[in-house]
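Asks: mmCIF, C-alpha atoms and all ligand atoms, file my_file05.cif:
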```
data_upload
#
loop_
_atom_site.group_PDB
_atom_site.id
_atom_site.type_symbol
_atom_site.label_atom_id
_atom_site.label_comp_id
_atom_site.auth_asym_id
_atom_site.auth_seq_id
_atom_site.Cartn_x
_atom_site.Cartn_y
_atom_site.Cartn_z
ATOM 1 C CA MET A 1 5.163 4.102 22.550
ATOM 2 C CA ARG A 2 8.718 2.951 22.940
ATOM 3 C CA ILE A 3 11.246 5.702 23.528
ATOM 4 C CA ILE A 4 14.783 5.452 22.172
ATOM 5 C CA GLY A 5 16.924 7.867 24.213
ATOM 6 C CA GLU A 6 19.016 9.858 21.728
ATOM 7 C CA LYS A 7 21.601 11.609 23.885
ATOM 8 C CA LEU A 8 24.447 9.069 23.883
ATOM 9 C CA ASN A 9 25.417 10.345 20.452
ATOM 10 C CA GLY A 10 28.945 11.475 19.620
ATOM 11 C CA THR A 11 27.709 13.975 17.055
ATOM 12 C CA LEU A 12 26.268 15.965 19.978
ATOM 13 C CA LYS A 13 28.901 18.428 21.241
ATOM 14 C CA LYS A 14 28.929 17.455 24.929
ATOM 15 C CA THR A 15 28.609 13.718 24.364
ATOM 16 C CA GLY A 16 31.307 13.791 21.672
ATOM 17 C CA ALA A 17 33.702 15.609 24.009
ATOM 18 C CA ALA A 18 32.923 13.162 26.837
ATOM 19 C CA ILE A 19 33.638 10.194 24.568
ATOM 20 C CA GLN A 20 36.997 11.657 23.504
ATOM 21 C CA ALA A 21 37.898 12.444 27.143
ATOM 22 C CA ARG A 22 36.739 8.960 28.254
ATOM 23 C CA ASP A 23 34.546 10.743 30.823
ATOM 24 C CA VAL A 24 32.882 7.707 32.426
ATOM 25 C CA LYS A 25 30.813 9.744 34.894
ATOM 26 C CA PHE A 26 29.257 12.012 32.237
ATOM 27 C CA ILE A 27 28.301 9.081 30.009
ATOM 28 C CA GLN A 28 26.919 6.952 32.856
ATOM 29 C CA GLU A 29 24.853 9.823 34.260
ATOM 30 C CA LEU A 30 23.449 10.549 30.783
ATOM 31 C CA ALA A 31 22.489 6.877 30.452
ATOM 32 C CA GLN A 32 20.848 6.769 33.885
ATOM 33 C CA ALA A 33 18.961 10.048 33.399
ATOM 34 C CA GLN A 34 17.397 8.804 30.160
ATOM 35 C CA VAL A 35 16.433 5.464 31.706
ATOM 36 C CA GLN A 36 14.881 7.203 34.695
ATOM 37 C CA ALA A 37 12.919 9.465 32.321
ATOM 38 C CA GLY A 38 11.393 6.474 30.516
ATOM 39 C CA ALA A 39 13.759 5.310 27.763
ATOM 40 C CA TYR A 40 12.976 1.780 26.526
ATOM 41 C CA TRP A 41 16.240 1.621 24.532
ATOM 42 C CA LEU A 42 19.336 3.795 24.650
ATOM 43 C CA ASP A 43 20.702 4.797 21.256
ATOM 44 C CA VAL A 44 24.502 4.540 21.230
ATOM 45 C CA ASN A 45 26.373 6.360 18.468
ATOM 46 C CA ALA A 46 30.101 7.117 18.677
ATOM 47 C CA GLY A 47 30.168 9.798 15.977
ATOM 48 C CA THR A 48 31.679 9.641 12.557
ATOM 49 C CA HIS A 49 35.489 9.582 12.849
ATOM 50 C CA PRO A 50 36.443 6.618 10.617
ATOM 51 C CA ASP A 51 39.732 5.911 12.426
ATOM 52 C CA ARG A 52 38.266 6.103 15.960
ATOM 53 C CA GLU A 53 34.631 5.037 15.652
ATOM 54 C CA LYS A 54 35.023 1.330 16.409
ATOM 55 C CA GLU A 55 37.094 1.848 19.549
ATOM 56 C CA ASP A 56 34.898 4.721 20.767
ATOM 57 C CA PHE A 57 31.748 2.681 20.091
ATOM 58 C CA CYS A 58 32.940 -0.332 22.099
ATOM 59 C CA TRP A 59 34.074 1.916 24.983
ATOM 60 C CA LEU A 60 30.670 3.632 24.966
ATOM 61 C CA ILE A 61 28.786 0.315 25.050
ATOM 62 C CA LYS A 62 30.880 -1.058 27.925
ATOM 63 C CA THR A 63 30.647 2.162 29.904
ATOM 64 C CA VAL A 64 26.856 2.348 29.584
ATOM 65 C CA GLN A 65 26.316 -1.333 30.400
ATOM 66 C CA GLU A 66 28.259 -0.999 33.647
ATOM 67 C CA VAL A 67 25.340 1.010 35.082
ATOM 68 C CA VAL A 68 22.108 0.187 33.238
ATOM 69 C CA ASP A 69 20.395 -3.017 31.997
ATOM 70 C CA THR A 70 18.288 -1.134 29.431
ATOM 71 C CA PRO A 71 18.716 -2.653 25.961
ATOM 72 C CA LEU A 72 20.824 -0.687 23.496
ATOM 73 C CA CYS A 73 20.113 0.602 20.021
ATOM 74 C CA LEU A 74 23.464 0.277 18.255
ATOM 75 C CA ASP A 75 23.674 3.196 15.812
ATOM 76 C CA SER A 76 26.339 3.369 13.111
ATOM 77 C CA ALA A 77 26.477 3.778 9.346
ATOM 78 C CA SER A 78 29.304 1.226 9.267
ATOM 79 C CA PRO A 79 28.417 -2.502 9.257
ATOM 80 C CA GLU A 80 31.923 -3.204 10.532
ATOM 81 C CA VAL A 81 31.420 -0.977 13.567
ATOM 82 C CA LEU A 82 28.015 -2.564 14.246
ATOM 83 C CA ALA A 83 29.620 -6.032 14.079
ATOM 84 C CA ALA A 84 32.286 -5.015 16.597
ATOM 85 C CA GLY A 85 29.605 -3.710 18.962
ATOM 86 C CA LEU A 86 27.543 -6.880 18.649
ATOM 87 C CA GLU A 87 30.585 -8.928 19.714
ATOM 88 C CA ILE A 88 30.720 -7.246 23.130
ATOM 89 C CA VAL A 89 27.206 -5.994 23.940
ATOM 90 C CA LYS A 90 24.938 -7.693 26.482
ATOM 91 C CA GLY A 91 21.206 -8.291 25.946
ATOM 92 C CA GLN A 92 18.999 -8.048 22.852
ATOM 93 C CA VAL A 93 19.952 -5.213 20.500
ATOM 94 C CA LEU A 94 17.940 -2.901 18.268
ATOM 95 C CA LEU A 95 20.321 -2.674 15.302
ATOM 96 C CA ASN A 96 20.369 0.805 13.688
ATOM 97 C CA SER A 97 20.443 0.283 10.768
ATOM 98 C CA THR A 98 20.123 -1.386 7.410
ATOM 99 C CA THR A 99 18.674 0.177 4.258
ATOM 100 C CA ALA A 100 17.472 -1.312 0.964
ATOM 101 C CA GLU A 101 20.828 -0.392 -0.597
ATOM 102 C CA THR A 102 22.359 -3.574 -2.016
ATOM 103 C CA GLU A 103 25.681 -3.567 -0.177
ATOM 104 C CA LYS A 104 24.269 -2.315 3.118
ATOM 105 C CA ALA A 105 21.486 -4.913 3.232
ATOM 106 C CA LYS A 106 23.932 -7.686 2.310
ATOM 107 C CA ALA A 107 26.131 -6.760 5.268
ATOM 108 C CA VAL A 108 23.628 -5.798 7.989
ATOM 109 C CA ILE A 109 20.624 -8.138 7.592
ATOM 110 C CA PRO A 110 22.717 -11.300 8.188
ATOM 111 C CA LEU A 111 24.267 -9.651 11.260
ATOM 112 C CA ALA A 112 20.816 -8.926 12.682
ATOM 113 C CA ALA A 113 19.755 -12.528 12.035
ATOM 114 C CA LYS A 114 22.931 -13.997 13.548
ATOM 115 C CA TYR A 115 22.614 -12.019 16.790
ATOM 116 C CA ASN A 116 18.798 -12.234 17.027
ATOM 117 C CA CYS A 117 18.437 -8.451 16.877
ATOM 118 C CA GLN A 118 15.492 -6.218 16.379
ATOM 119 C CA LEU A 119 16.340 -4.303 13.205
ATOM 120 C CA ILE A 120 15.779 -0.753 11.947
ATOM 121 C CA GLY A 121 15.472 -0.466 8.166
ATOM 122 C CA LEU A 122 15.795 2.975 6.592
ATOM 123 C CA THR A 123 13.790 3.422 3.377
ATOM 124 C CA LEU A 124 16.850 4.249 1.293
ATOM 125 C CA VAL A 125 17.720 2.618 -2.060
ATOM 126 C CA ASP A 126 20.781 2.648 -4.332
ATOM 127 C CA THR A 127 19.164 5.399 -6.392
ATOM 128 C CA GLY A 128 18.489 7.660 -3.399
ATOM 129 C CA MET A 129 15.980 8.780 -0.781
ATOM 130 C CA PRO A 130 12.231 8.565 -1.516
ATOM 131 C CA ALA A 131 9.978 11.615 -1.300
ATOM 132 C CA THR A 132 6.435 10.203 -1.393
ATOM 133 C CA ALA A 133 4.535 7.933 0.994
ATOM 134 C CA ASP A 134 4.038 5.320 -1.741
ATOM 135 C CA GLU A 135 7.750 5.175 -2.562
ATOM 136 C CA ARG A 136 8.594 4.765 1.122
ATOM 137 C CA PHE A 137 6.001 2.000 1.434
ATOM 138 C CA GLU A 138 7.405 0.075 -1.568
ATOM 139 C CA ILE A 139 10.944 0.241 -0.163
ATOM 140 C CA ALA A 140 9.678 -0.805 3.270
ATOM 141 C CA LYS A 141 8.160 -3.932 1.673
ATOM 142 C CA GLN A 142 11.530 -4.782 0.069
ATOM 143 C CA ILE A 143 13.313 -4.520 3.428
ATOM 144 C CA VAL A 144 10.640 -6.555 5.219
ATOM 145 C CA ASP A 145 10.811 -9.315 2.573
ATOM 146 C CA GLN A 146 14.612 -9.502 2.813
ATOM 147 C CA ALA A 147 14.624 -9.486 6.608
ATOM 148 C CA LYS A 148 11.916 -12.167 6.814
ATOM 149 C CA ALA A 149 13.837 -14.328 4.305
ATOM 150 C CA ALA A 150 16.842 -14.100 6.648
ATOM 151 C CA GLY A 151 14.698 -15.354 9.529
ATOM 152 C CA ILE A 152 13.871 -12.088 11.294
ATOM 153 C CA PRO A 153 10.238 -12.071 12.490
ATOM 154 C CA ALA A 154 8.047 -9.170 11.358
ATOM 155 C CA GLU A 155 7.500 -7.884 14.890
ATOM 156 C CA ASN A 156 11.276 -7.389 15.221
ATOM 157 C CA ILE A 157 11.426 -5.112 12.168
ATOM 158 C CA TYR A 158 11.299 -1.327 12.619
ATOM 159 C CA ILE A 159 10.969 0.735 9.421
ATOM 160 C CA ASP A 160 12.300 4.306 9.443
ATOM 161 C CA PRO A 161 10.614 6.187 6.556
ATOM 162 C CA LEU A 162 13.213 8.991 6.861
ATOM 163 C CA VAL A 163 12.055 12.370 8.081
ATOM 164 C CA ARG A 164 12.731 15.236 5.655
ATOM 165 C CA ALA A 165 12.620 18.929 6.513
ATOM 166 C CA ILE A 166 9.340 20.773 5.867
ATOM 167 C CA SER A 167 11.255 24.055 5.429
ATOM 168 C CA ALA A 168 12.573 22.904 2.052
ATOM 169 C CA GLU A 169 9.608 20.687 1.061
ATOM 170 C CA PRO A 170 6.333 21.672 2.749
ATOM 171 C CA GLU A 171 4.548 18.489 1.578
ATOM 172 C CA GLN A 172 6.937 16.275 3.536
ATOM 173 C CA GLY A 173 4.871 16.311 6.744
ATOM 174 C CA ARG A 174 1.863 14.837 4.944
ATOM 175 C CA GLU A 175 3.977 12.297 3.014
ATOM 176 C CA LEU A 176 5.706 11.171 6.214
ATOM 177 C CA LEU A 177 2.427 10.751 8.110
ATOM 178 C CA ASN A 178 0.842 8.846 5.201
ATOM 179 C CA ALA A 179 3.904 6.575 5.060
ATOM 180 C CA THR A 180 3.634 6.006 8.814
ATOM 181 C CA TRP A 181 0.007 4.951 8.407
ATOM 182 C CA LEU A 182 0.629 2.697 5.384
ATOM 183 C CA ILE A 183 3.604 0.854 6.883
ATOM 184 C CA SER A 184 2.199 0.419 10.390
ATOM 185 C CA HIS A 185 -1.230 -0.761 9.197
ATOM 186 C CA LYS A 186 -0.579 -2.673 5.952
ATOM 187 C CA LEU A 187 2.636 -4.351 7.136
ATOM 188 C CA ALA A 188 1.653 -4.979 10.793
ATOM 189 C CA PRO A 189 3.174 -6.277 13.040
ATOM 190 C CA VAL A 190 6.098 -4.419 11.435
ATOM 191 C CA ASN A 191 6.788 -1.261 13.434
ATOM 192 C CA VAL A 192 7.523 2.347 12.406
ATOM 193 C CA VAL A 193 10.293 4.368 14.064
ATOM 194 C CA TYR A 194 11.956 7.723 13.477
ATOM 195 C CA GLY A 195 13.964 10.569 14.869
ATOM 196 C CA LEU A 196 11.664 13.578 15.104
ATOM 197 C CA SER A 197 14.052 16.494 14.863
ATOM 198 C CA ASN A 198 14.837 16.446 11.120
ATOM 199 C CA ILE A 199 11.287 17.657 10.421
ATOM 200 C CA SER A 200 12.046 21.145 11.788
ATOM 201 C CA PHE A 201 15.495 21.705 10.283
ATOM 202 C CA GLY A 202 15.844 25.292 9.082
ATOM 203 C CA LEU A 203 12.879 26.677 11.060
ATOM 204 C CA PRO A 204 12.586 28.591 14.369
ATOM 205 C CA GLY A 205 10.797 27.063 17.354
ATOM 206 C CA ARG A 206 11.986 23.577 16.495
ATOM 207 C CA PRO A 207 10.872 21.832 19.723
ATOM 208 C CA LEU A 208 7.250 22.909 19.088
ATOM 209 C CA LEU A 209 7.305 21.367 15.594
ATOM 210 C CA ASN A 210 9.044 18.219 16.848
ATOM 211 C CA ARG A 211 6.566 17.540 19.628
ATOM 212 C CA THR A 212 3.553 18.353 17.452
ATOM 213 C CA LEU A 213 4.879 15.848 14.909
ATOM 214 C CA LEU A 214 5.148 13.297 17.739
ATOM 215 C CA ALA A 215 1.415 13.591 18.524
ATOM 216 C CA MET A 216 0.413 13.370 14.847
ATOM 217 C CA ALA A 217 2.810 10.483 14.175
ATOM 218 C CA MET A 218 1.531 8.520 17.172
ATOM 219 C CA ALA A 219 -2.003 8.885 15.834
ATOM 220 C CA SER A 220 -0.724 7.565 12.480
ATOM 221 C CA GLY A 221 0.882 4.459 14.012
ATOM 222 C CA LEU A 222 4.399 5.435 15.111
ATOM 223 C CA GLY A 223 5.592 2.677 17.451
ATOM 224 C CA ALA A 224 8.941 4.044 18.600
ATOM 225 C CA ALA A 225 10.697 7.428 18.496
ATOM 226 C CA ILE A 226 14.311 8.506 18.789
ATOM 227 C CA MET A 227 14.025 11.476 21.132
ATOM 228 C CA ASP A 228 15.142 13.118 24.373
ATOM 229 C CA PRO A 229 13.096 11.618 27.241
ATOM 230 C CA THR A 230 14.569 14.131 29.701
ATOM 231 C CA ASP A 231 12.701 16.925 27.840
ATOM 232 C CA LYS A 232 9.534 17.522 29.903
ATOM 233 C CA HIS A 233 7.701 19.287 27.102
ATOM 234 C CA ILE A 234 7.956 16.421 24.640
ATOM 235 C CA MET A 235 7.191 13.862 27.378
ATOM 236 C CA ALA A 236 4.012 15.761 28.242
ATOM 237 C CA VAL A 237 2.826 15.428 24.635
ATOM 238 C CA LEU A 238 3.812 11.760 24.605
ATOM 239 C CA ARG A 239 1.887 10.905 27.800
ATOM 240 C CA ALA A 240 -1.155 12.905 26.672
ATOM 241 C CA SER A 241 -1.095 11.206 23.244
ATOM 242 C CA GLU A 242 -0.865 7.729 24.783
ATOM 243 C CA ALA A 243 -3.888 8.505 26.951
ATOM 244 C CA LEU A 244 -5.869 9.852 23.981
ATOM 245 C CA LEU A 245 -5.015 6.828 21.799
ATOM 246 C CA GLY A 246 -5.971 4.223 24.403
ATOM 247 C CA GLN A 247 -2.337 3.220 24.938
ATOM 248 C CA ASP A 248 -2.401 4.050 28.652
ATOM 249 C CA GLU A 249 -4.736 1.820 30.659
ATOM 250 C CA PHE A 250 -7.146 3.944 32.746
ATOM 251 C CA CYS A 251 -4.819 6.906 31.943
ATOM 252 C CA MET A 252 -2.634 5.736 34.845
ATOM 253 C CA ASN A 253 0.710 6.880 33.408
ATOM 254 C CA TYR A 254 -0.802 10.222 32.461
ATOM 255 C CA MET A 255 -2.201 10.781 35.953
ATOM 256 C CA THR A 256 0.997 9.640 37.665
ATOM 257 C CA ALA A 257 3.078 11.970 35.511
ATOM 258 C CA PHE A 258 0.671 14.845 36.206
ATOM 259 C CA ARG A 259 0.809 14.262 39.969
ATOM 260 C CA ASP A 260 4.601 14.001 40.168
ATOM 261 C CA GLY A 261 4.953 17.213 38.160
ATOM 262 C CA SER A 262 6.896 15.581 35.345
ATOM 263 C CA LEU A 263 4.524 16.933 32.687
ATOM 264 C CA GLY A 264 5.931 20.428 33.338
HETATM 265 N N1 LIG B 301 16.818 7.581 12.343
HETATM 266 C C1 LIG B 301 17.557 6.561 12.847
HETATM 267 N N2 LIG B 301 18.641 6.780 13.614
HETATM 268 C C2 LIG B 301 19.052 8.060 13.865
HETATM 269 C C3 LIG B 301 18.322 9.153 13.363
HETATM 270 C C4 LIG B 301 17.174 8.892 12.590
HETATM 271 N N3 LIG B 301 20.152 8.274 14.624
HETATM 272 C C5 LIG B 301 20.697 9.600 14.792
HETATM 273 C C6 LIG B 301 19.621 10.657 14.742
HETATM 274 N N4 LIG B 301 18.729 10.435 13.634
HETATM 275 C C7 LIG B 301 18.829 10.658 16.018
HETATM 276 N N5 LIG B 301 19.593 11.159 17.114
HETATM 277 C C8 LIG B 301 19.683 12.509 17.449
HETATM 278 C C9 LIG B 301 20.419 12.842 18.559
HETATM 279 C C10 LIG B 301 20.455 14.149 19.009
HETATM 280 C C11 LIG B 301 19.815 15.145 18.308
HETATM 281 C C12 LIG B 301 19.082 14.813 17.182
HETATM 282 C C13 LIG B 301 19.015 13.492 16.746
HETATM 283 C C14 LIG B 301 19.883 16.553 18.803
HETATM 284 N N6 LIG B 301 20.067 17.511 17.921
HETATM 285 C C15 LIG B 301 20.021 18.908 18.277
HETATM 286 C C16 LIG B 301 19.757 19.686 16.997
HETATM 287 O O1 LIG B 301 19.682 19.055 15.946
HETATM 288 O O2 LIG B 301 19.575 20.889 17.063
HETATM 289 C C17 LIG B 301 21.229 19.413 19.005
HETATM 290 C C18 LIG B 301 22.550 19.262 18.311
HETATM 291 C C19 LIG B 301 23.742 19.479 19.287
HETATM 292 O O3 LIG B 301 23.562 19.708 20.493
HETATM 293 O O4 LIG B 301 24.896 19.421 18.813
HETATM 294 O O5 LIG B 301 19.767 16.806 19.982
HETATM 295 O O6 LIG B 301 16.459 9.801 12.116
HETATM 296 N N7 LIG B 301 17.148 5.300 12.590
#
```
Could you express the structure from this file as C-alpha cells?
Ligand code: THG
Replies:
Amino acid sequence: MRIIGEKLNGTLKKTGAAIQARDVKFIQELAQAQVQAGAYWLDVNAGTHPDREKEDFCWLIKTVQEVVDTPLCLDSASPEVLAAGLEIVKGQVLLNSTTAETEKAKAVIPLAAKYNCQLIGLTLVDTGMPATADERFEIAKQIVDQAKAAGIPAENIYIDPLVRAISAEPEQGRELLNATWLISHKLAPVNVVYGLSNISFGLPGRPLLNRTLLAMAMASGLGAAIMDPTDKHIMAVLRASEALLGQDEFCMNYMTAFRDGSLG
C-alpha cells in the first residue's frame, strides 16, 4: 500500500496559516514527519484562493523539496496551477487530478503525458458524480482509454472512485468497495486511490470509520490512500492489513512496527 501524506494541505487550518505566514520550519517539519512515518508521496495543496493559489503552490513545492526527496502529489482543481507546479518541481509527480469532464481532461491529460507523470483520475463527468459501482467503473474506463491514447501507461494511472458520505447515503460504503474491486481487478494494472475521510462526514467517531474503511478497501484492491501517516491508529490497521493480505513478506514490517511501539 502506497501512502500519500495528506497534511501539506492549505485547507487544513494550521497548514493554511503556515503557508500564508511563509513559515518554512512548520512546513518542512510536517513534510519530514510524514516521510519518517512512511509516506510514499506527499500531497501538496495550497488551498483554494484563486488570486494566491499559484504563488502559494510554488512556494510550498520549493519549501518541501529543500528537505525531502520524496515524490510529490500535486493537488489542485486548477490545470493552470498544476502546470505552474510542474514547471518547477523535481522528480516524478503524481498529478492530482483529472476527471472525465471534457474541459478538465483536455487540459490535464496532455500535461501528465508531457511531464511523464503518474495521474489520478476522479470518476466525475460533465453531468455529475456517479453513485453506483457500475457507473464509477464505466467512467474509469473512459479516463483510462483517454490517458492511454495520450501515451500514459496503465500502471501510471490511479483512479479515484470518489468517496461519498455514508451518513447521507448508507449504501455508499458497499458501492465504493464494489467499485474498488471492479477497477483494480478488471482494469489492472490500473490502480485505485482515495482519501478515506469523506466516508465518515456527518458521523461521530470518524477515525474509527476511516480506518475500518482502510482495511476493507485494501482487501478490495485499494493501491494507495490519501491519509495521515503520523496517526498511529490508522497505521496499525494498515500494517495489520498488509500482513493479512500477503503484502508484507514474512510479516517483517508488521513485526518491526510492533517492536518499535509504532502500532500504538
Ligand atoms: N481525492 C483526491 N485528492 C484529494 C482528496 C480526495 N485531496 C484532498 C483531500 N481529498 C485529501 N486530503 C485531506 C487532507 C486533510 C484532511 C482530509 C483530507 C483532514 N481533515 C480533517 C477533517 O476533515 O475533519 C481535519 C480538518 C482540519 O483540520 O481543518 O485532516 O478524496 N484525489
Asks: Under the rule that all atoms listed in the file are counted, which of A:Ala18, A:Leu245, A:Met129, A:Leu12 is the nearest residue to ligand LIG 301 (chain B)?
Replies: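 Closest to ligand LIG 301 (chain B) of all the choices is A:Leu12.
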Asks: Find the residue from A:Ala17, A:Ile166, A:Ile226, A:Leu182 that sits nearest to Val44 in chain A; use all atoms listed in the file when measuring.
Replies: A:Ile226
Asks: Got a sec: who's within 7 Å of Ser76 in chain A, counting all atoms listed in the file, leaving out chain neighbours fewer than 3 positions off, as a JSON list (two decimals) with C-alpha atoms, keeping the file's coordinate frame?
Replies:
```json
[["chain", "number", "residue", "atom", "x", "y", "z"],
["A", 45, "ASN", "CA", 26.37, 6.36, 18.47],
["A", 81, "VAL", "CA", 31.42, -0.98, 13.57],
["A", 82, "LEU", "CA", 28.02, -2.56, 14.25],
["A", 96, "ASN", "CA", 20.37, 0.80, 13.69]]
```
Asks: For ligand LIG 301 (chain B), collect every residue having any atom at a distance of at most 8 Å from a ligand atom (counting only C-alpha atoms and all ligand atoms); output as a PyMOL selection string.
Replies: chain A and resi 6-9+11-14+43+45+75+96-97+120-122+160+162-163+193-198+201+226-228
Asks: Taking all atoms listed in the file into account, which of A:Ala21, A:Leu263, A:Cys251, A:Met216 comes nearest Trp181 in chain A?
Replies: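 Answer, going by the shortest atom-to-atom distance: A:Met216.
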Asks: Counting all atoms listed in the file, which residue out of A:Gly223, A:Pro170, A:Pro79, A:Pro130 sits closest to Ala107 in chain A?
Replies: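 Looking only at the distances to Ala107 in chain A, the closest residue turns out to be A:Pro79.
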Asks: To one decimal place, how far is CA of Gln92 in chain A from CA of Tyr115 in chain A in Å?
Replies: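 Interatomic distance here is 8.1 Å.
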Asks: I would like the residues chosen by the PyMOL selection byres (((chain A and resi 90) around 12) and not hetatm) on the shown file; could you give them as a short mmCIF file (atom, residue, chain, number, x, y, z; two decimals) with C-alpha atoms, in the coordinates of the input?
Replies:
```
data_model
loop_
_atom_site.label_atom_id
_atom_site.label_comp_id
_atom_site.auth_asym_id
_atom_site.auth_seq_id
_atom_site.Cartn_x
_atom_site.Cartn_y
_atom_site.Cartn_z
CA CYS A 58 32.94 -0.33 22.10
CA ILE A 61 28.79 0.32 25.05
CA LYS A 62 30.88 -1.06 27.92
CA THR A 63 30.65 2.16 29.90
CA VAL A 64 26.86 2.35 29.58
CA GLN A 65 26.32 -1.33 30.40
CA GLU A 66 28.26 -1.00 33.65
CA VAL A 68 22.11 0.19 33.24
CA ASP A 69 20.40 -3.02 32.00
CA THR A 70 18.29 -1.13 29.43
CA PRO A 71 18.72 -2.65 25.96
CA LEU A 72 20.82 -0.69 23.50
CA CYS A 73 20.11 0.60 20.02
CA LEU A 74 23.46 0.28 18.26
CA GLY A 85 29.60 -3.71 18.96
CA LEU A 86 27.54 -6.88 18.65
CA GLU A 87 30.58 -8.93 19.71
CA ILE A 88 30.72 -7.25 23.13
CA VAL A 89 27.21 -5.99 23.94
CA GLY A 91 21.21 -8.29 25.95
CA GLN A 92 19.00 -8.05 22.85
CA VAL A 93 19.95 -5.21 20.50
CA LEU A 94 17.94 -2.90 18.27
CA TYR A 115 22.61 -12.02 16.79
CA CYS A 117 18.44 -8.45 16.88
#
```
Asks: Closest to Ala131 in chain A among A:Asn253, A:Gln20, A:Thr230, A:Gln172, using only C-alpha atoms?
Replies: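 Of the candidates, the smallest distance to Ala131 in chain A is held by A:Gln172.
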Asks: Enclose all atoms of range 192-210 of chain A listed in the file in an axis-aligned box, grow every side by 8 Å, and hand back centre and edge lengths in Å to one decimal, as JSON.
Replies:
```
{"center_x": 11.5, "center_y": 15.5, "center_z": 14.4, "size_x": 24.6, "size_y": 42.2, "size_z": 26.6}
```
Asks: If we count all atoms listed in the file and set the cut-off at 9 Å, which residues sit around Val144 in chain A, ignoring sequence neighbours fewer than 6 positions away in its own chain? Please answer as number ranges by chain.
Replies: A: 121, 152, 154, 157, 159, 187, 190
Asks: I'd like the interatomic distance between CA of Ala217 in chain A and CA of Phe137 in chain A, to a tenth of an Å.
Replies: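 We find that CA of Ala217 in chain A and CA of Phe137 in chain A lie 15.6 Å from each other.
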Asks: Please evaluate the PyMOL selection byres (((chain A and resi 220) around 9) and not hetatm) against the displayed coordinates and give the resulting residues as a PyMOL selection string.
Replies: chain A and resi 177-182+184-185+215-219+221-222
Asks: Rounded to one decimal in Å, what is the spacing between CA of Tyr40 in chain A and CA of Gly246 in chain A?
Replies: 19.2 Å
Asks: Decode the PyMOL selection byres (((chain A and resi 36) around 12) and not hetatm) for the given file into explicit residues and return them as a PyMOL selection string.
Replies: chain A and resi 3+5+29-35+37-42+68-70+228-230+262
Asks: For a quick check of understanding, using all atoms listed in the file, which of A:Ala257, A:Lys232, A:Ile109, A:Thr212 has the smallest distance to Asp145 in chain A?
Replies: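 Nearest candidate to Asp145 in chain A out of A:Ala257, A:Lys232, A:Ile109, A:Thr212: A:Ile109.
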Asks: With all atoms listed in the file as the counted atoms, please give the residues lying no more than 8 Å from Arg211 in chain A, apart from itself and same-chain residues fewer than 5 positions off, as a compact mmCIF listing (two decimals) with C-alpha atoms, in the coordinates of the input.
Replies:
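result.txt was written with the following content:
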```txt
# COMPACT_ATOMS: atom_id res chain seq x y z
CA LEU A 196 11.66 13.58 15.10
CA HIS A 233 7.70 19.29 27.10
CA ILE A 234 7.96 16.42 24.64
CA VAL A 237 2.83 15.43 24.64
```
Asks: For range 111-113 of chain A, please output as a PyMOL selection string all residues within 8 Å (counting all atoms listed in the file; exclusion window: fewer than 3 positions along the same chain).
Replies: chain A and resi 83+95+107-108+116-119+150-152
Asks: Output requested as a compact mmCIF listing (two decimals), in the coordinates of the input - range 95-104 of chain A, filled out with N, CA, C and O atoms.
Replies:
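Everything below was put into rebuild_25.txt:
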```txt
# COMPACT_ATOMS: atom_id res chain seq x y z
N LEU A 95 19.20 -2.99 16.19
CA LEU A 95 20.32 -2.67 15.30
C LEU A 95 19.92 -1.53 14.36
O LEU A 95 18.98 -1.65 13.59
N ASN A 96 20.69 -0.44 14.39
CA ASN A 96 20.37 0.80 13.69
C ASN A 96 21.53 1.17 12.78
O ASN A 96 22.45 1.83 13.25
N SER A 97 21.60 0.76 11.52
CA SER A 97 20.44 0.28 10.77
C SER A 97 20.89 -0.37 9.47
O SER A 97 22.02 -0.20 9.05
N THR A 98 19.93 -1.03 8.81
CA THR A 98 20.12 -1.39 7.41
C THR A 98 19.33 -0.40 6.56
O THR A 98 18.64 0.49 7.07
N THR A 99 19.48 -0.56 5.23
CA THR A 99 18.67 0.18 4.26
C THR A 99 18.32 -0.85 3.19
O THR A 99 18.64 -2.03 3.33
N ALA A 100 17.68 -0.40 2.10
CA ALA A 100 17.47 -1.31 0.96
C ALA A 100 18.60 -1.17 -0.05
O ALA A 100 18.50 -1.72 -1.16
N GLU A 101 19.66 -0.47 0.29
CA GLU A 101 20.83 -0.39 -0.60
C GLU A 101 21.49 -1.77 -0.64
O GLU A 101 21.67 -2.41 0.40
N THR A 102 21.89 -2.20 -1.83
CA THR A 102 22.36 -3.57 -2.02
C THR A 102 23.46 -3.97 -1.04
O THR A 102 23.34 -4.98 -0.32
N GLU A 103 24.52 -3.20 -1.00
CA GLU A 103 25.68 -3.57 -0.18
C GLU A 103 25.36 -3.51 1.31
O GLU A 103 25.78 -4.35 2.09
N LYS A 104 24.61 -2.49 1.71
CA LYS A 104 24.27 -2.32 3.12
C LYS A 104 23.42 -3.49 3.60
O LYS A 104 23.69 -4.10 4.64
```
